[in-house]
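Heads up, coords.txt below (compact mmCIF, C-alpha atoms and all ligand atoms):
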```
# COMPACT_ATOMS: atom_id res chain seq x y z
CA MET A 9 13.24 -15.08 -8.26
CA THR A 10 12.75 -14.08 -4.64
CA ARG A 11 10.31 -16.09 -2.55
CA ILE A 12 9.25 -14.74 0.81
CA ARG A 13 7.17 -16.87 3.13
CA VAL A 14 4.61 -14.96 5.18
CA SER A 15 3.42 -16.83 8.22
CA ALA A 16 -0.23 -16.29 9.03
CA PRO A 17 -2.96 -18.11 10.93
CA GLY A 18 -4.13 -21.02 8.77
CA GLY A 19 -0.77 -21.77 7.26
CA GLY A 20 0.85 -18.81 5.60
CA TYR A 21 1.64 -18.12 1.96
CA ASP A 22 4.42 -17.23 -0.43
CA VAL A 23 5.13 -13.88 -2.03
CA ALA A 24 6.96 -14.65 -5.29
CA ILE A 25 8.82 -11.74 -6.87
CA GLU A 26 10.38 -11.93 -10.32
CA ALA A 27 10.41 -9.74 -13.42
CA GLY A 28 8.49 -11.49 -16.19
CA SER A 29 6.75 -13.93 -13.85
CA LEU A 30 3.27 -12.92 -15.05
CA ALA A 31 3.96 -15.06 -18.13
CA ARG A 32 4.08 -18.13 -15.86
CA ALA A 33 1.13 -17.15 -13.66
CA GLY A 34 -0.80 -20.30 -14.72
CA GLU A 35 1.78 -22.66 -13.24
CA SER A 36 2.36 -20.56 -10.13
CA ILE A 37 -1.36 -20.36 -9.41
CA ALA A 38 -1.79 -24.10 -9.99
CA ALA A 39 1.05 -24.79 -7.56
CA ALA A 40 -0.66 -22.65 -4.91
CA VAL A 41 -4.36 -23.57 -5.30
CA GLY A 42 -4.48 -26.49 -7.74
CA ARG A 43 -6.23 -26.50 -11.07
CA ARG A 44 -9.58 -25.20 -10.00
CA ARG A 45 -11.81 -22.74 -11.71
CA LEU A 46 -10.52 -19.17 -11.48
CA PHE A 47 -12.39 -15.88 -11.38
CA VAL A 48 -10.09 -13.06 -12.38
CA ILE A 49 -11.31 -9.77 -10.89
CA ALA A 50 -9.43 -7.19 -12.92
CA ASP A 51 -9.14 -3.41 -12.93
CA ALA A 52 -10.28 -2.49 -16.46
CA THR A 53 -7.36 -0.08 -17.00
CA VAL A 54 -4.85 -2.67 -15.91
CA TRP A 55 -6.53 -5.25 -18.12
CA SER A 56 -6.13 -2.97 -21.14
CA PHE A 57 -2.36 -2.92 -20.58
CA LEU A 58 -1.65 -6.36 -19.18
CA GLY A 59 -4.69 -8.54 -19.88
CA GLY A 60 -3.06 -10.13 -22.92
CA ARG A 61 -0.18 -11.39 -20.79
CA LEU A 62 -2.39 -12.88 -18.10
CA SER A 63 -4.77 -14.45 -20.68
CA ALA A 64 -1.84 -16.13 -22.40
CA ALA A 65 -0.56 -17.40 -19.06
CA LEU A 66 -3.95 -18.92 -18.21
CA GLN A 67 -4.38 -20.71 -21.52
CA GLY A 68 -5.75 -24.21 -21.04
CA ARG A 69 -7.20 -23.33 -17.65
CA GLU A 70 -10.85 -22.90 -16.79
CA TRP A 71 -11.19 -19.23 -15.93
CA THR A 72 -13.66 -16.36 -16.12
CA LEU A 73 -12.83 -12.69 -16.45
CA LEU A 74 -14.70 -10.15 -14.33
CA LYS A 75 -13.31 -6.88 -15.61
CA THR A 76 -14.61 -3.68 -14.10
CA ASP A 77 -13.73 -0.08 -13.31
CA LEU A 78 -11.91 -0.24 -9.99
CA GLY A 79 -11.14 3.36 -9.14
CA GLU A 80 -11.25 4.42 -5.48
CA ARG A 81 -14.88 5.56 -5.97
CA ARG A 82 -15.80 1.98 -6.82
CA LYS A 83 -14.24 0.62 -3.64
CA ARG A 84 -17.63 0.16 -2.00
CA LEU A 85 -20.08 -2.50 -0.91
CA SER A 86 -22.19 -2.20 -4.07
CA THR A 87 -19.18 -3.24 -6.17
CA VAL A 88 -18.64 -6.26 -3.91
CA GLU A 89 -22.29 -7.22 -4.33
CA GLU A 90 -22.05 -6.75 -8.09
CA LEU A 91 -19.00 -9.01 -8.30
CA CYS A 92 -20.44 -11.70 -5.99
CA SER A 93 -23.62 -11.73 -8.09
CA ALA A 94 -21.61 -12.00 -11.31
CA MET A 95 -19.70 -14.95 -9.84
CA HIS A 96 -22.90 -16.66 -8.82
CA ALA A 97 -24.48 -16.06 -12.23
CA ALA A 98 -21.40 -17.61 -13.82
CA GLY A 99 -21.72 -20.69 -11.63
CA ALA A 100 -18.93 -20.10 -9.12
CA ASP A 101 -18.96 -22.61 -6.30
CA ARG A 102 -17.08 -22.93 -3.02
CA GLY A 103 -14.20 -24.65 -4.76
CA CYS A 104 -13.28 -21.78 -7.06
CA ALA A 105 -10.50 -19.26 -6.48
CA VAL A 106 -10.40 -15.53 -7.07
CA VAL A 107 -7.44 -13.79 -8.71
CA ALA A 108 -7.11 -10.09 -7.86
CA PHE A 109 -5.45 -8.25 -10.75
CA GLY A 110 -4.69 -4.55 -10.37
CA GLY A 111 -3.62 -1.99 -7.79
CA GLY A 112 -4.57 -1.73 -4.14
CA VAL A 113 -8.21 -1.07 -4.96
CA ALA A 114 -8.50 -4.28 -7.00
CA GLY A 115 -6.70 -6.18 -4.24
CA ASP A 116 -8.89 -4.82 -1.47
CA VAL A 117 -12.16 -5.32 -3.38
CA ALA A 118 -11.36 -8.74 -4.87
CA GLY A 119 -9.89 -9.85 -1.54
CA PHE A 120 -13.09 -8.86 0.21
CA VAL A 121 -15.20 -10.62 -2.45
CA ALA A 122 -13.12 -13.75 -1.81
CA ALA A 123 -13.54 -13.32 1.95
CA CYS A 124 -17.32 -13.28 1.74
CA TYR A 125 -18.39 -15.20 -1.39
CA MET A 126 -19.97 -18.40 -0.04
CA ARG A 127 -18.34 -17.53 3.31
CA GLY A 128 -14.90 -17.52 1.81
CA VAL A 129 -13.00 -18.81 -1.21
CA ASP A 130 -9.26 -18.73 -1.90
CA VAL A 131 -7.61 -15.68 -3.38
CA VAL A 132 -4.38 -15.07 -5.27
CA GLN A 133 -3.12 -11.51 -5.40
CA ILE A 134 -1.37 -10.18 -8.52
CA PRO A 135 -0.62 -6.53 -7.63
CA THR A 136 0.28 -4.14 -10.45
CA THR A 137 1.08 -0.85 -8.71
CA LEU A 138 4.20 -0.23 -6.66
CA LEU A 139 2.00 0.59 -3.67
CA ALA A 140 0.12 -2.68 -3.96
CA GLN A 141 3.33 -4.68 -4.49
CA VAL A 142 5.17 -3.27 -1.49
CA ASP A 143 2.23 -2.81 0.83
CA ALA A 144 -1.43 -3.59 0.07
CA SER A 145 -1.09 -7.14 -1.29
CA VAL A 146 0.71 -8.45 1.79
CA GLY A 147 -0.93 -8.83 5.18
CA GLY A 148 -4.43 -10.08 4.46
CA LYS A 149 -6.37 -6.87 5.00
CA THR A 150 -9.28 -6.50 2.58
CA GLY A 151 -12.23 -4.17 2.50
CA VAL A 152 -14.11 -1.22 1.10
CA ASN A 153 -14.95 2.37 2.01
CA LEU A 154 -18.23 3.59 3.47
CA ALA A 155 -19.67 7.02 2.70
CA SER A 156 -18.51 8.06 6.17
CA GLY A 157 -14.90 6.95 5.85
CA LYS A 158 -12.20 4.87 4.20
CA ASN A 159 -11.74 1.14 4.75
CA LEU A 160 -14.52 0.94 7.32
CA ALA A 161 -15.97 -2.41 6.17
CA GLY A 162 -13.72 -5.37 5.55
CA ALA A 163 -12.23 -8.64 6.66
CA PHE A 164 -8.88 -10.28 7.23
CA HIS A 165 -8.51 -12.83 4.44
CA GLN A 166 -5.02 -14.15 3.75
CA PRO A 167 -4.10 -14.85 0.12
CA ARG A 168 -2.83 -18.27 -0.96
CA LEU A 169 -0.16 -16.64 -3.12
CA VAL A 170 1.02 -13.14 -3.94
CA LEU A 171 2.55 -13.08 -7.40
CA ILE A 172 4.61 -9.96 -8.06
CA ASP A 173 5.99 -9.19 -11.49
CA PRO A 174 7.88 -5.87 -11.21
CA ALA A 175 7.76 -5.60 -15.04
CA THR A 176 4.02 -4.90 -14.75
CA LEU A 177 5.03 -1.48 -13.37
CA ASP A 178 6.34 -0.38 -16.78
CA THR A 179 2.97 1.12 -17.73
CA LEU A 180 2.25 2.69 -14.34
CA PRO A 181 2.02 6.52 -14.47
CA ASP A 182 5.05 8.22 -12.91
CA ARG A 183 3.00 10.00 -10.28
CA GLU A 184 1.61 6.65 -9.05
CA TYR A 185 5.06 5.08 -9.07
CA ARG A 186 6.59 7.89 -7.01
CA ALA A 187 3.71 7.81 -4.55
CA GLY A 188 4.26 4.08 -4.06
CA LEU A 189 7.94 4.74 -3.47
CA GLN A 190 7.02 6.62 -0.31
CA GLU A 191 5.88 3.37 1.29
CA VAL A 192 9.29 1.89 0.42
CA ILE A 193 11.00 4.82 2.16
CA LYS A 194 8.64 4.26 5.08
CA HIS A 195 9.72 0.62 5.33
CA GLY A 196 13.33 1.80 5.40
CA ILE A 197 12.65 4.28 8.18
CA ILE A 198 10.79 1.81 10.37
CA ARG A 199 13.04 -1.22 9.97
CA SER A 200 15.97 -0.95 7.55
CA ALA A 201 18.58 1.76 7.24
CA ALA A 202 20.02 -0.34 4.36
CA LEU A 203 16.81 -0.06 2.33
CA PHE A 204 16.60 3.66 3.10
CA ASP A 205 20.21 4.11 1.94
CA PHE A 206 19.59 2.04 -1.20
CA VAL A 207 16.70 4.29 -2.28
CA ASN A 208 18.89 7.34 -1.69
CA ASP A 209 22.14 6.07 -3.14
CA ARG A 210 20.52 4.46 -6.19
CA ARG A 211 17.83 7.10 -6.66
CA GLU A 212 18.38 7.47 -10.40
CA ALA A 213 18.08 3.75 -11.05
CA VAL A 214 15.06 3.50 -8.76
CA LEU A 215 13.27 6.40 -10.45
CA ALA A 216 14.16 5.06 -13.90
CA ARG A 217 12.61 1.71 -12.81
CA ASP A 218 15.78 -0.22 -13.47
CA PRO A 219 14.54 -3.85 -13.20
CA ALA A 220 17.16 -5.00 -10.69
CA ALA A 221 16.66 -1.92 -8.52
CA VAL A 222 12.87 -2.30 -8.56
CA GLU A 223 13.09 -5.99 -7.74
CA HIS A 224 15.37 -5.17 -4.81
CA ILE A 225 13.19 -2.47 -3.26
CA VAL A 226 10.04 -4.56 -3.73
CA ALA A 227 11.63 -7.65 -2.18
CA GLU A 228 13.09 -5.74 0.78
CA SER A 229 9.79 -3.97 1.40
CA VAL A 230 7.84 -7.22 1.29
CA ARG A 231 10.35 -8.81 3.69
CA ILE A 232 9.80 -5.98 6.17
CA LYS A 233 6.03 -5.90 5.86
CA ALA A 234 5.87 -9.71 6.06
CA ALA A 235 7.97 -9.78 9.21
CA VAL A 236 5.88 -7.11 10.89
CA VAL A 237 2.48 -8.62 10.03
CA ALA A 238 3.64 -12.14 10.90
CA GLU A 239 4.41 -10.94 14.40
CA ASP A 240 1.11 -9.16 14.69
CA GLU A 241 -1.66 -10.24 12.34
CA ARG A 242 -4.44 -8.12 13.77
CA GLU A 243 -2.74 -4.85 14.37
CA ALA A 244 -2.88 -4.91 18.14
CA GLY A 245 0.73 -3.93 18.60
CA LEU A 246 3.76 -4.07 16.37
CA ARG A 247 1.82 -3.72 13.12
CA ARG A 248 1.20 -0.13 14.13
CA ILE A 249 4.74 0.82 13.16
CA LEU A 250 3.62 0.47 9.52
CA ASN A 251 1.64 3.63 10.19
CA PHE A 252 4.74 5.82 10.36
CA GLY A 253 3.78 9.02 8.52
CA HIS A 254 0.16 7.93 8.34
CA THR A 255 -1.34 9.74 11.33
CA LEU A 256 -0.78 13.13 9.75
CA GLY A 257 -1.02 11.62 6.27
CA HIS A 258 -4.58 10.48 6.90
CA ALA A 259 -5.43 13.89 8.35
CA LEU A 260 -4.10 15.53 5.20
CA GLU A 261 -6.06 13.21 2.92
CA ALA A 262 -9.22 14.12 4.82
CA GLU A 263 -8.36 17.83 4.85
CA THR A 264 -7.99 17.79 1.05
CA ALA A 265 -11.20 15.74 0.63
CA TYR A 266 -9.25 12.76 -0.85
CA ARG A 267 -8.95 14.66 -4.12
CA ARG A 268 -5.65 16.50 -4.34
CA LEU A 269 -3.19 13.98 -3.02
CA LEU A 270 -2.47 10.38 -3.79
CA HIS A 271 -2.17 8.30 -0.63
CA GLY A 272 1.61 8.05 -0.99
CA GLU A 273 1.89 11.81 -1.40
CA ALA A 274 -0.06 12.39 1.81
CA VAL A 275 2.23 9.87 3.52
CA ALA A 276 5.23 11.80 2.18
CA TYR A 277 4.03 14.92 4.02
CA GLY A 278 3.10 12.79 6.99
CA MET A 279 6.62 11.36 7.20
CA ILE A 280 8.14 14.84 7.07
CA ALA A 281 5.83 15.90 9.90
CA ALA A 282 6.60 12.73 11.87
CA GLY A 283 10.32 13.35 11.43
CA ARG A 284 9.96 16.87 12.80
CA LEU A 285 7.75 15.71 15.66
CA SER A 286 10.35 13.05 16.49
CA GLU A 287 12.96 15.80 16.68
CA LEU A 288 10.73 18.09 18.75
CA ARG A 289 10.16 15.22 21.19
CA GLY A 290 13.92 14.85 21.57
CA ARG A 291 14.02 11.43 19.92
CA LEU A 292 15.62 12.09 16.55
CA ASP A 293 18.68 14.20 15.69
CA ALA A 294 18.35 17.05 13.20
CA ALA A 295 20.68 15.41 10.66
CA SER A 296 18.49 12.28 10.46
CA ARG A 297 15.36 14.41 10.22
CA GLU A 298 16.93 16.24 7.28
CA ARG A 299 17.89 12.94 5.63
CA ILE A 300 14.24 11.85 5.80
CA GLU A 301 13.18 15.11 4.14
CA ALA A 302 15.81 14.74 1.42
CA ALA A 303 14.82 11.13 0.70
CA VAL A 304 11.13 11.93 0.51
CA GLY A 305 11.59 15.14 -1.49
CA GLY A 306 14.05 13.48 -3.88
CA CYS A 307 11.49 10.94 -5.01
CA ILE A 308 8.33 12.93 -5.40
CA ALA A 309 6.99 16.11 -6.94
CA MET A 310 5.08 17.26 -3.89
CA PRO A 311 1.79 18.94 -4.75
CA SER A 312 1.86 22.33 -3.05
CA LEU A 313 -0.22 22.65 0.08
CA ALA A 314 0.49 26.35 0.61
CA ASP A 315 -3.19 27.16 1.11
CA LEU A 316 -3.74 24.74 4.01
CA SER A 317 -3.66 25.52 7.70
CA ALA A 318 -1.46 23.47 10.00
CA ARG A 319 -3.90 24.00 12.84
CA SER A 320 -6.87 22.53 10.99
CA ILE A 321 -4.79 19.57 9.76
CA ALA A 322 -3.61 18.90 13.32
CA ALA A 323 -7.19 19.20 14.57
CA ARG A 324 -8.13 16.22 12.40
CA VAL A 325 -5.49 14.02 13.96
CA GLY A 326 -7.64 12.97 16.92
CA GLY A 327 -10.31 11.82 14.45
CA ASP A 328 -7.99 9.20 12.94
CA LYS A 329 -9.70 5.84 13.36
CA LYS A 330 -6.49 4.44 14.77
CA ALA A 331 -6.53 6.99 17.60
CA VAL A 332 -6.88 5.40 21.02
CA GLY A 333 -9.80 6.72 23.06
CA GLY A 334 -9.56 10.04 21.23
CA LYS A 335 -5.84 10.34 21.88
CA ALA A 336 -3.56 10.88 18.91
CA ARG A 337 -1.19 8.01 18.40
CA PHE A 338 1.98 8.76 16.48
CA VAL A 339 4.74 6.45 15.41
CA LEU A 340 7.97 8.39 15.80
CA ALA A 341 11.54 7.73 14.69
CA ASP A 342 14.43 7.28 17.09
CA ALA A 343 16.83 6.74 14.20
CA ILE A 344 16.55 5.75 10.56
CA GLY A 345 15.60 2.08 10.85
CA LYS A 346 14.08 2.31 14.32
CA VAL A 347 10.70 3.66 15.41
CA GLY A 348 8.40 3.51 18.41
CA ASP A 349 5.08 4.76 19.73
CA ASP A 350 4.22 8.18 21.04
CA LEU A 351 0.77 8.38 22.54
CA ASP A 352 -0.86 11.80 22.58
CA PRO A 353 2.02 14.24 22.09
CA PRO A 354 1.22 17.86 23.08
CA ALA A 355 -1.17 19.40 20.55
CA GLU A 356 1.09 22.41 20.03
CA LEU A 357 3.92 20.16 18.89
CA VAL A 358 1.61 18.40 16.44
CA VAL A 359 0.67 21.79 14.99
CA ALA A 360 4.35 22.74 14.78
CA ALA A 361 5.16 19.48 12.98
CA ALA A 362 2.31 20.03 10.51
CA GLU A 363 3.49 23.62 9.98
CA HIS A 364 6.99 22.33 9.29
CA ALA A 365 5.67 19.92 6.61
CA LEU A 366 3.80 22.79 4.96
CA GLN A 367 6.95 24.93 5.01
CA VAL A 368 8.97 22.14 3.43
CA SER A 369 6.31 21.86 0.72
CA ARG A 370 6.60 25.59 0.01
CA ARG A 371 10.37 25.33 -0.14
CA MET A 372 10.13 22.39 -2.55
CA ALA A 373 7.56 24.13 -4.73
CA ALA A 374 9.83 27.18 -4.97
CA ALA A 375 12.95 25.12 -5.81
N1 LIG B 401 -5.01 -3.85 2.21
C1 LIG B 401 -4.01 -3.12 2.63
O1 LIG B 401 -3.24 -3.52 3.52
C2 LIG B 401 -3.75 -1.79 1.99
C3 LIG B 401 -2.56 -1.11 2.25
C4 LIG B 401 -2.32 0.10 1.61
C5 LIG B 401 -3.28 0.61 0.74
N2 LIG B 401 -4.43 -0.06 0.53
C6 LIG B 401 -5.45 0.47 -0.40
O2 LIG B 401 -4.90 0.50 -1.71
C7 LIG B 401 -5.60 1.49 -2.46
C8 LIG B 401 -4.61 2.28 -3.26
O3 LIG B 401 -3.91 1.40 -4.11
P1 LIG B 401 -3.15 1.91 -5.40
O4 LIG B 401 -2.31 3.08 -5.07
O5 LIG B 401 -2.53 0.72 -6.01
O6 LIG B 401 -4.32 2.51 -6.29
P2 LIG B 401 -5.25 1.94 -7.46
O7 LIG B 401 -5.57 0.52 -7.29
O8 LIG B 401 -6.37 2.91 -7.56
O9 LIG B 401 -4.32 2.11 -8.74
C9 LIG B 401 -3.87 3.40 -9.11
C10 LIG B 401 -4.09 3.68 -10.59
O10 LIG B 401 -3.14 2.99 -11.37
C11 LIG B 401 -3.78 2.23 -12.40
N3 LIG B 401 -2.89 1.08 -12.61
C12 LIG B 401 -2.68 0.04 -11.76
N4 LIG B 401 -1.71 -0.74 -12.22
C13 LIG B 401 -1.31 -0.22 -13.40
C14 LIG B 401 -0.32 -0.60 -14.34
N5 LIG B 401 0.50 -1.63 -14.13
N6 LIG B 401 -0.17 0.17 -15.44
C15 LIG B 401 -0.96 1.25 -15.64
N7 LIG B 401 -1.90 1.67 -14.77
C16 LIG B 401 -2.06 0.94 -13.66
C17 LIG B 401 -5.14 1.95 -11.86
O11 LIG B 401 -6.06 1.72 -12.90
C18 LIG B 401 -5.45 3.24 -11.11
O12 LIG B 401 -5.92 4.21 -11.98
C19 LIG B 401 -6.38 2.33 -1.48
O13 LIG B 401 -7.75 2.03 -1.60
C20 LIG B 401 -5.84 1.88 -0.12
O14 LIG B 401 -6.82 1.96 0.89
C21 LIG B 401 -4.68 -1.25 1.13
ZN ZN B 402 0.07 3.76 3.31
```
Give the structure from the file, written as structure tokens.
Amino acid sequence: MTRIRVSAPGGGYDVAIEAGSLARAGESIAAAVGRRRLFVIADATVWSFLGGRLSAALQGREWTLLKTDLGERRKRLSTVEELCSAMHAAGADRGCAVVAFGGGVAGDVAGFVAACYMRGVDVVQIPTTLLAQVDASVGGKTGVNLASGKNLAGAFHQPRLVLIDPATLDTLPDREYRAGLQEVIKHGIIRSAALFDFVNDRREAVLARDPAAVEHIVAESVRIKAAVVAEDEREAGLRRILNFGHTLGHALEAETAYRRLLHGEAVAYGMIAAGRLSELRGRLDAASRERIEAAVGGCIAMPSLADLSARSIAARVGGDKKAVGGKARFVLADAIGKVGDDLDPPAELVVAAAEHALQVSRRMAAA
């Protein structure tokens, strides 16, 4: 078992990582929040695969299941209202705790419900996608989408415990798993050449979801994310480095109307573009840029983007909500394991970097 302490305002919390630990969720939750009444907000798909295990673990506890469709389309205020109303109808009081059970959507929605129900109740996160385990469940960001954009309404609400059982990933579709892996590669690029090398050197084991390999990449990713968010809870400074590959990634998601690419796939393209932009800005050597491309390409079947225009993708970059005063803000690599800011690089170089990512996608599709 790996236990990682995340320091946060109001005390901090543990991220506990161990294969098979879902079977002992009852004890772990009791140790974190006591034996109070639990409201399990579960993604219905996840419940169909893993609900039996969590039910068994909660035997003897007072708990209520709120199972609902939690696809990205349901990540909205009306779902939060629905869940808060269901909790109230079931008699939830200020002393209850919410358990978020599912991927990043379940975590964001249930976390936001916990942040606002009766002005805030405790939440335990049990993430079941690789993306949620290595990224979304740690850091305390919760929220929903508005019709006008993603993640525009939300709150910071730190969990009391994040319980990660890598064995829950066994039923995750391969495409989702590989998309989540991109955030692991990102963590390697921003902070740990060792993690980056591990994913490359042990690629077969990682892709085959070898339990020890999965536990290692999850734990190392959580360590990196925890360290970054602990230094910078509200994203004023350092936390921005977690956005490596995301400036162009978000532009690509918007350009493809959030339909063709999973988030991790858009980030994969975004990291290739960021690598090229780093090289064009004279910060990264060509060999390292190529290693980034090989690592990303080796872990994902990149959906072809041959029909897109680099210029129109680049034009969306300024519209990123993390842009500063309309200026594009990129995180660029100086080496694998070390990144820094680049505020408003020349537009032509952004277009060239986007064009490069599209070319790489064509090359990969042809291979
Ligand atoms: N709060 C944050 O800091 C943060 C960070 C990154 C991403 N996010 C958010 O996370 C969301 C994406 O999360 P995601 O990629 O986990 O998507 P998701 O929650 O939609 O899950 C992806 C799919 O996998 C299914 N699934 C989940 N676990 C499964 C399992 N163990 N077995 C079988 N199927 C399973 C789900 O039903 C869903 O269909 C986005 O809304 C994004 O904005 C939040
Ligand atoms: Zn991401």
Any idea what's packed within 10 Å of A:Ala235, counting all atoms listed in the file, ignoring anything in its chain fewer than 4 positions away? Could you give it as a short mmCIF file (atom, residue, chain, number, x, y, z; two decimals) with C-alpha atoms, in the coordinates of the input?
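Result saved to selection-v8.cif:
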```
data_model
loop_
_atom_site.label_atom_id
_atom_site.label_comp_id
_atom_site.auth_asym_id
_atom_site.auth_seq_id
_atom_site.Cartn_x
_atom_site.Cartn_y
_atom_site.Cartn_z
CA ILE A 12 9.25 -14.74 0.81
CA ARG A 13 7.17 -16.87 3.13
CA VAL A 14 4.61 -14.96 5.18
CA SER A 15 3.42 -16.83 8.22
CA GLY A 147 -0.93 -8.83 5.18
CA ARG A 199 13.04 -1.22 9.97
CA SER A 229 9.79 -3.97 1.40
CA VAL A 230 7.84 -7.22 1.29
CA ARG A 231 10.35 -8.81 3.69
CA GLU A 239 4.41 -10.94 14.40
CA ASP A 240 1.11 -9.16 14.69
CA ARG A 247 1.82 -3.72 13.12
#
```
>> Using all atoms listed in the file, list the residues that have an atom at most 8 Å from (9.7, 17.5, 10.4), coordinates as in the file, as a PyMOL selection string.
In response: chain A and resi 279-287+297-298+301+361-362+364-365
>> So that I can check the surroundings of stretch 94-107 of chain A, please list as a count of residues only every protein, DNA and RNA residue that reaches within 7 Å of it, counting only C-alpha atoms and ignoring chain neighbours fewer than 2 positions away.
In response: 17
Counting only C-alpha atoms and all ligand atoms, name the residues that have an atom within 8 Å of an atom of ligand ZN 402 (chain B); the answer should be given as a PDB file with C-alpha atoms, in the coordinates of the input.
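Result went into selection33.pdb, see below:
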```pdb
ATOM      1  CA  LEU A 139       2.000   0.590  -3.670  1.00  0.00           C
ATOM      2  CA  ASP A 143       2.230  -2.810   0.830  1.00  0.00           C
ATOM      3  CA  GLU A 191       5.880   3.370   1.290  1.00  0.00           C
ATOM      4  CA  LEU A 250       3.620   0.470   9.520  1.00  0.00           C
ATOM      5  CA  ASN A 251       1.640   3.630  10.190  1.00  0.00           C
ATOM      6  CA  HIS A 254       0.160   7.930   8.340  1.00  0.00           C
ATOM      7  CA  HIS A 271      -2.170   8.300  -0.630  1.00  0.00           C
ATOM      8  CA  GLY A 272       1.610   8.050  -0.990  1.00  0.00           C
ATOM      9  CA  VAL A 275       2.230   9.870   3.520  1.00  0.00           C
TER      10      VAL A 275
END
```
> Counting only C-alpha atoms and all ligand atoms, what residues are within 7 Å of ligand LIG 401 (chain B), given as a VMD selection string?
Replying inline: chain A and resid 51 to 54 57 78 to 80 83 110 to 114 116 136 to 140 143 to 150 158 to 159 176 to 181 184 188 271
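The spacing separating atom CA of A:Ala221 from atom CA of A:Phe206 amounts to 8.8 Å.
Ranking A:Leu66, A:Met310, A:Leu288, A:Ala295 by their shortest atom-to-atom distance to A:Leu269, with only C-alpha atoms included, puts A:Met310 first.
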> Quick one, how far is atom CA of A:Arg186 from atom CA of A:Asp209?
Replying inline: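 Separation of atom CA of A:Arg186 and atom CA of A:Asp209: 16.1 Å.
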>> My list of candidates is A:Phe120, A:Tyr266, A:Phe338, A:Tyr277. Which is closest to A:Phe252 when distances are computed with all atoms listed in the file?
In response: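 When distances to A:Phe252 are compared using all atoms listed in the file, the smallest one comes from A:Phe338.
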